[in-house]
file query.pdb (PDB, C-alpha atoms, pLDDT in the B column)
MODEL        1
ATOM      1  CA  MET A 106     -29.690 -43.053  83.883  1.00 71.00           C
ATOM      2  CA  THR A 107     -29.964 -42.532  87.624  1.00 87.00           C
ATOM      3  CA  GLN A 108     -30.288 -38.836  88.430  1.00 95.00           C
ATOM      4  CA  LEU A 109     -27.220 -37.136  89.829  1.00 98.00           C
ATOM      5  CA  PHE A 110     -27.439 -34.887  92.868  1.00 98.00           C
ATOM      6  CA  GLY A 111     -24.617 -32.953  94.506  1.00 98.00           C
ATOM      7  CA  LEU A 112     -23.395 -32.545  98.066  1.00 98.00           C
ATOM      8  CA  VAL A 113     -20.821 -30.043  99.329  1.00 97.00           C
ATOM      9  CA  LEU A 114     -19.309 -31.331 102.563  1.00 95.00           C
ATOM     10  CA  ALA A 115     -19.178 -28.356 104.924  1.00 89.00           C
ATOM     11  CA  GLY A 116     -19.624 -30.027 108.301  1.00 71.00           C
ATOM     12  CA  GLY A 117     -16.007 -30.258 109.382  1.00 69.00           C
ATOM     13  CA  ARG A 118     -14.580 -28.635 112.494  1.00 65.00           C
ATOM     14  CA  SER A 119     -11.608 -27.063 110.628  1.00 58.00           C
ATOM     15  CA  ARG A 120      -9.220 -27.566 113.548  1.00 61.00           C
ATOM     16  CA  ARG A 121      -6.046 -27.380 111.453  1.00 62.00           C
ATOM     17  CA  MET A 122      -7.234 -24.289 109.566  1.00 60.00           C
ATOM     18  CA  GLN A 123      -8.019 -22.527 112.886  1.00 61.00           C
ATOM     19  CA  ALA A 124     -10.976 -20.952 111.082  1.00 65.00           C
ATOM     20  CA  ASP A 125     -14.070 -22.225 109.315  1.00 77.00           C
ATOM     21  CA  LYS A 126     -12.785 -23.644 106.012  1.00 78.00           C
ATOM     22  CA  ALA A 127     -16.150 -23.035 104.375  1.00 81.00           C
ATOM     23  CA  ALA A 128     -15.817 -19.326 105.118  1.00 82.00           C
ATOM     24  CA  VAL A 129     -12.196 -18.907 104.002  1.00 82.00           C
ATOM     25  CA  ALA A 130     -12.235 -16.573 101.009  1.00 83.00           C
ATOM     26  CA  TYR A 131     -10.456 -17.079  97.709  1.00 78.00           C
ATOM     27  CA  GLY A 132     -10.949 -14.433  95.082  1.00 80.00           C
ATOM     28  CA  GLY A 133     -13.165 -12.492  97.480  1.00 84.00           C
ATOM     29  CA  ARG A 134     -15.789 -15.206  97.961  1.00 89.00           C
ATOM     30  CA  PRO A 135     -16.200 -17.809 100.714  1.00 91.00           C
ATOM     31  CA  GLN A 136     -15.059 -21.224  99.564  1.00 92.00           C
ATOM     32  CA  LEU A 137     -18.490 -22.710 100.298  1.00 94.00           C
ATOM     33  CA  ALA A 138     -20.074 -20.278  97.832  1.00 94.00           C
ATOM     34  CA  VAL A 139     -17.501 -21.084  95.165  1.00 94.00           C
ATOM     35  CA  ALA A 140     -17.831 -24.845  95.671  1.00 95.00           C
ATOM     36  CA  PHE A 141     -21.635 -24.797  95.686  1.00 97.00           C
ATOM     37  CA  ASP A 142     -21.844 -22.756  92.482  1.00 96.00           C
ATOM     38  CA  LEU A 143     -19.270 -24.984  90.790  1.00 97.00           C
ATOM     39  CA  LEU A 144     -21.042 -28.179  91.810  1.00 97.00           C
ATOM     40  CA  GLY A 145     -24.435 -26.828  90.851  1.00 97.00           C
ATOM     41  CA  ARG A 146     -23.357 -26.539  87.218  1.00 98.00           C
ATOM     42  CA  HIS A 147     -22.825 -30.309  86.990  1.00 98.00           C
ATOM     43  CA  VAL A 148     -25.728 -31.877  88.904  1.00 98.00           C
ATOM     44  CA  ARG A 149     -29.498 -31.708  88.849  1.00 97.00           C
ATOM     45  CA  ARG A 150     -29.712 -30.273  92.368  1.00 97.00           C
ATOM     46  CA  ALA A 151     -27.212 -29.581  95.145  1.00 97.00           C
ATOM     47  CA  TRP A 152     -27.177 -29.398  98.940  1.00 97.00           C
ATOM     48  CA  VAL A 153     -24.710 -28.494 101.656  1.00 96.00           C
ATOM     49  CA  SER A 154     -23.843 -31.100 104.285  1.00 94.00           C
ATOM     50  CA  VAL A 155     -23.783 -29.688 107.825  1.00 93.00           C
ATOM     51  CA  ARG A 156     -23.694 -30.805 111.428  1.00 89.00           C
ATOM     52  CA  ALA A 157     -26.868 -30.093 113.383  1.00 90.00           C
ATOM     53  CA  ASP A 158     -25.160 -27.341 115.378  1.00 90.00           C
ATOM     54  CA  GLN A 159     -24.126 -25.548 112.169  1.00 89.00           C
ATOM     55  CA  ALA A 160     -27.521 -25.422 110.456  1.00 87.00           C
ATOM     56  CA  GLY A 161     -28.355 -21.912 111.640  1.00 89.00           C
ATOM     57  CA  GLU A 162     -24.971 -20.327 110.945  1.00 90.00           C
ATOM     58  CA  PRO A 163     -25.342 -17.362 108.574  1.00 91.00           C
ATOM     59  CA  LEU A 164     -23.070 -18.742 105.838  1.00 89.00           C
ATOM     60  CA  ARG A 165     -24.633 -22.208 105.737  1.00 91.00           C
ATOM     61  CA  ALA A 166     -28.203 -21.057 106.352  1.00 92.00           C
ATOM     62  CA  GLY A 167     -28.331 -19.546 102.876  1.00 92.00           C
ATOM     63  CA  TYR A 168     -28.120 -22.950 101.199  1.00 95.00           C
ATOM     64  CA  PRO A 169     -30.327 -26.038 101.030  1.00 96.00           C
ATOM     65  CA  GLN A 170     -28.989 -28.359 103.705  1.00 96.00           C
ATOM     66  CA  ILE A 171     -28.724 -32.011 104.589  1.00 96.00           C
ATOM     67  CA  VAL A 172     -27.988 -32.395 108.288  1.00 94.00           C
ATOM     68  CA  ASP A 173     -25.736 -35.205 109.450  1.00 90.00           C
ATOM     69  CA  GLY A 174     -27.455 -37.974 111.344  1.00 84.00           C
ATOM     70  CA  THR A 175     -26.008 -40.239 114.014  1.00 82.00           C
ATOM     71  CA  ALA A 176     -24.419 -42.749 111.629  1.00 80.00           C
ATOM     72  CA  GLY A 177     -20.719 -42.281 110.951  1.00 78.00           C
ATOM     73  CA  ARG A 178     -18.232 -39.549 111.727  1.00 85.00           C
ATOM     74  CA  GLY A 179     -16.603 -37.022 109.450  1.00 87.00           C
ATOM     75  CA  PRO A 180     -17.288 -36.922 105.702  1.00 91.00           C
ATOM     76  CA  ILE A 181     -18.937 -40.323 105.616  1.00 94.00           C
ATOM     77  CA  ALA A 182     -21.686 -39.036 107.927  1.00 93.00           C
ATOM     78  CA  GLY A 183     -22.620 -36.503 105.263  1.00 95.00           C
ATOM     79  CA  ILE A 184     -22.649 -39.143 102.540  1.00 96.00           C
ATOM     80  CA  ILE A 185     -24.887 -41.410 104.620  1.00 96.00           C
ATOM     81  CA  ALA A 186     -27.296 -38.562 105.381  1.00 96.00           C
ATOM     82  CA  ALA A 187     -27.556 -37.639 101.694  1.00 97.00           C
ATOM     83  CA  GLN A 188     -28.133 -41.229 100.622  1.00 97.00           C
ATOM     84  CA  SER A 189     -30.763 -41.612 103.325  1.00 96.00           C
ATOM     85  CA  GLN A 190     -32.618 -38.542 102.047  1.00 95.00           C
ATOM     86  CA  CYS A 191     -32.546 -39.647  98.382  1.00 95.00           C
ATOM     87  CA  PRO A 192     -31.484 -43.312  98.215  1.00 95.00           C
ATOM     88  CA  GLU A 193     -32.465 -43.675  94.566  1.00 96.00           C
ATOM     89  CA  ALA A 194     -30.067 -40.951  93.415  1.00 97.00           C
ATOM     90  CA  ALA A 195     -26.345 -40.966  92.745  1.00 98.00           C
ATOM     91  CA  TRP A 196     -24.380 -38.343  94.651  1.00 98.00           C
ATOM     92  CA  LEU A 197     -21.447 -36.245  93.468  1.00 98.00           C
ATOM     93  CA  VAL A 198     -19.768 -35.538  96.791  1.00 98.00           C
ATOM     94  CA  LEU A 199     -17.397 -32.600  97.030  1.00 96.00           C
ATOM     95  CA  ALA A 200     -15.227 -31.306  99.852  1.00 93.00           C
ATOM     96  CA  CYS A 201     -15.531 -27.565 100.442  1.00 90.00           C
ATOM     97  CA  ASP A 202     -11.756 -27.086 100.742  1.00 90.00           C
ATOM     98  CA  LEU A 203     -10.641 -27.527  97.118  1.00 91.00           C
ATOM     99  CA  PRO A 204      -9.898 -23.947  95.975  1.00 90.00           C
ATOM    100  CA  ARG A 205      -8.327 -24.991  92.672  1.00 90.00           C
ATOM    101  CA  LEU A 206     -11.110 -27.336  91.582  1.00 94.00           C
ATOM    102  CA  ASP A 207     -12.436 -26.446  88.142  1.00 95.00           C
ATOM    103  CA  ASP A 208     -15.312 -27.124  85.783  1.00 97.00           C
ATOM    104  CA  ALA A 209     -13.166 -29.312  83.533  1.00 97.00           C
ATOM    105  CA  THR A 210     -12.469 -31.719  86.400  1.00 97.00           C
ATOM    106  CA  LEU A 211     -16.113 -32.092  87.382  1.00 98.00           C
ATOM    107  CA  ALA A 212     -17.208 -32.324  83.739  1.00 98.00           C
ATOM    108  CA  ALA A 213     -14.768 -35.198  83.198  1.00 97.00           C
ATOM    109  CA  LEU A 214     -15.981 -36.975  86.329  1.00 98.00           C
ATOM    110  CA  VAL A 215     -19.623 -36.730  85.235  1.00 98.00           C
ATOM    111  CA  ALA A 216     -18.916 -37.614  81.599  1.00 97.00           C
ATOM    112  CA  ARG A 217     -16.935 -40.744  82.493  1.00 97.00           C
ATOM    113  CA  ARG A 218     -19.227 -41.855  85.296  1.00 97.00           C
ATOM    114  CA  ASP A 219     -19.883 -45.602  85.276  1.00 97.00           C
ATOM    115  CA  THR A 220     -23.312 -46.248  86.766  1.00 96.00           C
ATOM    116  CA  SER A 221     -22.624 -49.994  86.956  1.00 96.00           C
ATOM    117  CA  ARG A 222     -19.808 -49.456  89.460  1.00 96.00           C
ATOM    118  CA  PHE A 223     -19.866 -48.706  93.172  1.00 95.00           C
ATOM    119  CA  ALA A 224     -18.477 -45.226  92.473  1.00 97.00           C
ATOM    120  CA  THR A 225     -16.421 -43.127  90.056  1.00 98.00           C
ATOM    121  CA  ALA A 226     -13.440 -41.257  91.488  1.00 97.00           C
ATOM    122  CA  PHE A 227     -10.094 -39.734  90.637  1.00 97.00           C
ATOM    123  CA  LEU A 228      -6.750 -41.171  91.631  1.00 95.00           C
ATOM    124  CA  SER A 229      -4.719 -39.120  94.078  1.00 91.00           C
ATOM    125  CA  ARG A 230      -1.586 -37.723  92.453  1.00 86.00           C
ATOM    126  CA  TYR A 231       0.236 -38.254  95.743  1.00 86.00           C
ATOM    127  CA  ASP A 232      -0.415 -41.901  96.643  1.00 87.00           C
ATOM    128  CA  GLY A 233      -2.455 -43.402  93.794  1.00 87.00           C
ATOM    129  CA  LEU A 234      -5.411 -44.098  96.086  1.00 91.00           C
ATOM    130  CA  PRO A 235      -8.981 -43.006  95.324  1.00 95.00           C
ATOM    131  CA  GLU A 236      -9.958 -39.420  96.100  1.00 95.00           C
ATOM    132  CA  PRO A 237     -13.223 -39.909  98.022  1.00 95.00           C
ATOM    133  CA  LEU A 238     -14.233 -36.258  98.373  1.00 94.00           C
ATOM    134  CA  CYS A 239     -14.578 -35.462  94.697  1.00 97.00           C
ATOM    135  CA  ALA A 240     -16.373 -38.606  93.624  1.00 98.00           C
ATOM    136  CA  ILE A 241     -19.721 -39.947  92.458  1.00 98.00           C
ATOM    137  CA  TYR A 242     -21.339 -42.553  94.706  1.00 98.00           C
ATOM    138  CA  GLU A 243     -23.951 -44.692  92.993  1.00 98.00           C
ATOM    139  CA  PRO A 244     -27.080 -45.855  94.877  1.00 97.00           C
ATOM    140  CA  ARG A 245     -25.681 -49.384  95.120  1.00 95.00           C
ATOM    141  CA  SER A 246     -22.900 -48.128  97.392  1.00 96.00           C
ATOM    142  CA  ARG A 247     -25.293 -47.342 100.225  1.00 95.00           C
ATOM    143  CA  GLU A 248     -25.465 -50.778 101.849  1.00 95.00           C
ATOM    144  CA  ALA A 249     -21.684 -51.186 101.861  1.00 94.00           C
ATOM    145  CA  ILE A 250     -21.173 -47.731 103.336  1.00 95.00           C
ATOM    146  CA  LEU A 251     -23.622 -48.465 106.140  1.00 95.00           C
ATOM    147  CA  ALA A 252     -22.010 -51.853 106.770  1.00 94.00           C
ATOM    148  CA  GLN A 253     -18.559 -50.277 106.987  1.00 92.00           C
ATOM    149  CA  VAL A 254     -19.731 -47.689 109.506  1.00 92.00           C
ATOM    150  CA  GLU A 255     -21.504 -50.337 111.568  1.00 92.00           C
ATOM    151  CA  SER A 256     -18.187 -52.197 111.765  1.00 92.00           C
ATOM    152  CA  GLY A 257     -16.560 -49.090 113.235  1.00 91.00           C
ATOM    153  CA  ARG A 258     -14.789 -47.789 110.132  1.00 91.00           C
ATOM    154  CA  ASP A 259     -15.397 -44.231 108.934  1.00 89.00           C
ATOM    155  CA  CYS A 260     -12.765 -43.749 106.215  1.00 90.00           C
ATOM    156  CA  PRO A 261     -14.326 -43.176 102.773  1.00 92.00           C
ATOM    157  CA  ARG A 262     -10.950 -43.625 101.028  1.00 93.00           C
ATOM    158  CA  LYS A 263     -10.568 -47.154 102.390  1.00 92.00           C
ATOM    159  CA  LEU A 264     -14.150 -47.859 101.413  1.00 92.00           C
ATOM    160  CA  LEU A 265     -13.466 -46.924  97.792  1.00 95.00           C
ATOM    161  CA  ALA A 266     -10.193 -48.863  97.766  1.00 94.00           C
ATOM    162  CA  GLU A 267     -12.068 -52.029  98.742  1.00 94.00           C
ATOM    163  CA  HIS A 268     -14.874 -51.852  96.175  1.00 94.00           C
ATOM    164  CA  ASP A 269     -15.532 -51.818  92.436  1.00 94.00           C
ATOM    165  CA  VAL A 270     -14.720 -48.208  91.612  1.00 97.00           C
ATOM    166  CA  LEU A 271     -13.879 -46.624  88.264  1.00 97.00           C
ATOM    167  CA  LEU A 272     -10.668 -44.694  88.892  1.00 97.00           C
ATOM    168  CA  LEU A 273      -9.763 -41.796  86.617  1.00 97.00           C
ATOM    169  CA  GLU A 274      -6.545 -39.911  86.088  1.00 94.00           C
ATOM    170  CA  PRO A 275      -6.952 -36.263  87.167  1.00 90.00           C
ATOM    171  CA  VAL A 276      -7.644 -33.757  84.397  1.00 90.00           C
ATOM    172  CA  ASN A 277      -5.829 -30.993  86.272  1.00 89.00           C
ATOM    173  CA  SER A 278      -3.225 -32.341  88.672  1.00 83.00           C
ATOM    174  CA  ALA A 279      -3.696 -29.505  91.189  1.00 87.00           C
ATOM    175  CA  ALA A 280      -7.507 -29.439  91.142  1.00 90.00           C
ATOM    176  CA  LEU A 281      -7.887 -31.877  94.027  1.00 90.00           C
ATOM    177  CA  ASP A 282      -5.306 -30.282  96.328  1.00 85.00           C
ATOM    178  CA  ASN A 283      -7.053 -29.236  99.519  1.00 81.00           C
ATOM    179  CA  ALA A 284      -6.339 -26.413 101.937  1.00 74.00           C
ATOM    180  CA  ASN A 285      -6.201 -27.625 105.538  1.00 73.00           C
ATOM    181  CA  THR A 286      -4.004 -25.011 107.213  1.00 73.00           C
ATOM    182  CA  PRO A 287      -3.501 -21.228 107.026  1.00 66.00           C
ATOM    183  CA  GLU A 288      -0.256 -21.928 105.154  1.00 75.00           C
ATOM    184  CA  ASP A 289      -2.140 -24.070 102.632  1.00 73.00           C
ATOM    185  CA  ALA A 290      -4.677 -21.287 102.135  1.00 67.00           C
ATOM    186  CA  ALA A 291      -1.939 -18.716 101.524  1.00 70.00           C
ATOM    187  CA  ALA A 292      -0.280 -20.992  98.968  1.00 70.00           C
ATOM    188  CA  MET A 293      -3.621 -21.553  97.236  1.00 69.00           C
ATOM    189  CA  ARG A 294      -4.280 -17.821  97.007  1.00 70.00           C
ATOM    190  CA  ALA A 295      -0.844 -17.278  95.496  1.00 71.00           C
ATOM    191  CA  ALA A 296      -1.440 -20.042  92.929  1.00 72.00           C
ATOM    192  CA  LEU A 297      -4.891 -18.693  92.042  1.00 71.00           C
ATOM    193  CA  ASP A 298      -3.552 -15.155  91.737  1.00 66.00           C
ATOM    194  CA  ALA A 299      -0.782 -16.390  89.442  1.00 65.00           C
ATOM    195  CA  ARG A 300      -3.302 -18.286  87.315  1.00 67.00           C
ATOM    196  CA  GLY A 301      -5.483 -15.199  87.070  1.00 63.00           C
ATOM    197  CA  ALA A 302      -2.553 -13.053  86.013  1.00 53.00           C
ATOM    198  CA  ALA A 303      -1.395 -15.501  83.350  1.00 52.00           C
TER     199      ALA A 303
ENDMDL
END

call {"tool": "encode", "arguments": {"input": "query.pdb", "output": "structure tokens"}}
result
Amino acid sequence: MTQLFGLVLAGGRSRRMQADKAAVAYGGRPQLAVAFDLLGRHVRRAWVSVRADQAGEPLRAGYPQIVDGTAGRGPIAGIIAAQSQCPEAAWLVLACDLPRLDDATLAALVARRDTSRFATAFLSRYDGLPEPLCAIYEPRSREAILAQVESGRDCPRKLLAEHDVLLLEPVNSAALDNANTPEDAAAMRAALDARGAA
């Protein structure tokens, strides 16, 4: 089977959060640290996706990095850069702003991975569309991703919706909820605290 590498997407500008989402702490640890450790338990090797101007930042500098290139904008730029570095590998791509993500969710994604498909992803519990930022992209997806970007489209969700993707029901319905704003982060902390106290 094609080897599986991991990529934590940490190159965003975090405008809505008004602070670096990768550095926002849940349970006393920066979310990037939590996400990287979680991902690392399910792949052969993991990297952090960064913009060139972030590479030297103290938080990100402590991790192996893949720096975005000039192709694409947003999350898809990180996916392209990773596939360019190791085109023969499949990539489990993970957003760094999923505080409630758990091992069971990633284990299910890896266990049910279909290497014959374009990708394996979960369905969003909100709109039934693919969740592109907790998904496994097979090597065969690379050409289509590049073609989409060359046509001026940067949305990974639309990309998955248009191709042969294995779509899975979420194991934990809240695991893929992201935190984009300070209010989201506060709600996530409350939910995590409640889970820890249960």

call {"tool": "closest_residue", "arguments": {"input": "query.pdb", "among": "A:Lys126, A:Arg294, A:Arg149, A:Arg218", "to": "Cys201 in chain A", "atoms": "all atoms listed in the file"}}
result
A:Lys126

call {"tool": "closest_residue", "arguments": {"input": "query.pdb", "among": "A:Ala157, A:Ala151, A:Ala292, A:Leu273", "to": "Ala194 in chain A", "atoms": "all atoms listed in the file"}}
result
A:Ala151

call {"tool": "residues_around", "arguments": {"input": "query.pdb", "residues": "range 161-172 of chain A", "least_positions_apart": "3", "cutoff": "9 Å", "atoms": "all atoms listed in the file", "output": "MDAnalysis selection string"}}
result
chainID A and resid 112 115:116 127:128 135 137:138 141 151:158 183 186:187 190

call {"tool": "resolve_selection", "arguments": {"input": "query.pdb", "expression": "the PyMOL selection byres ((chain A and resi 216) around 12)", "output": "ChimeraX atom specification"}}
result
/A:109,147-148,208-215,217-220,225-226,241,273

call {"tool": "write_last_selection", "arguments": {"input": "query.pdb", "atoms": "C-alpha atoms", "output": "mmCIF file, in the coordinates of the input"}}
result
data_model
loop_
_atom_site.group_PDB
_atom_site.id
_atom_site.type_symbol
_atom_site.label_atom_id
_atom_site.label_comp_id
_atom_site.auth_asym_id
_atom_site.auth_seq_id
_atom_site.Cartn_x
_atom_site.Cartn_y
_atom_site.Cartn_z
ATOM 1 C CA LEU A 109 -27.220 -37.136 89.829
ATOM 2 C CA HIS A 147 -22.825 -30.309 86.990
ATOM 3 C CA VAL A 148 -25.728 -31.877 88.904
ATOM 4 C CA ASP A 208 -15.312 -27.124 85.783
ATOM 5 C CA ALA A 209 -13.166 -29.312 83.533
ATOM 6 C CA THR A 210 -12.469 -31.719 86.400
ATOM 7 C CA LEU A 211 -16.113 -32.092 87.382
ATOM 8 C CA ALA A 212 -17.208 -32.324 83.739
ATOM 9 C CA ALA A 213 -14.768 -35.198 83.198
ATOM 10 C CA LEU A 214 -15.981 -36.975 86.329
ATOM 11 C CA VAL A 215 -19.623 -36.730 85.235
ATOM 12 C CA ARG A 217 -16.935 -40.744 82.493
ATOM 13 C CA ARG A 218 -19.227 -41.855 85.296
ATOM 14 C CA ASP A 219 -19.883 -45.602 85.276
ATOM 15 C CA THR A 220 -23.312 -46.248 86.766
ATOM 16 C CA THR A 225 -16.421 -43.127 90.056
ATOM 17 C CA ALA A 226 -13.440 -41.257 91.488
ATOM 18 C CA ILE A 241 -19.721 -39.947 92.458
ATOM 19 C CA LEU A 273 -9.763 -41.796 86.617
#

call {"tool": "atom_distance", "arguments": {"input": "query.pdb", "atom1": "CA of Arg245 in chain A", "atom2": "CA of Glu274 in chain A"}}
result
23.2 Å

call {"tool": "atom_distance", "arguments": {"input": "query.pdb", "atom1": "CA of Gln253 in chain A", "atom2": "CA of Leu228 in chain A"}}
result
21.4 Å

call {"tool": "closest_residue", "arguments": {"input": "query.pdb", "among": "A:Glu267, A:Phe227, A:Pro237, A:Ile185", "to": "Ala280 in chain A", "atoms": "all atoms listed in the file"}}
result
A:Phe227

call {"tool": "atom_distance", "arguments": {"input": "query.pdb", "atom1": "CA of Asp259 in chain A", "atom2": "CA of Gly179 in chain A"}}
result
7.3 Å

call {"tool": "closest_residue", "arguments": {"input": "query.pdb", "among": "A:Asp142, A:Asp207, A:Glu255, A:Glu236", "to": "Arg178 in chain A", "atoms": "all atoms listed in the file"}}
result
A:Glu255
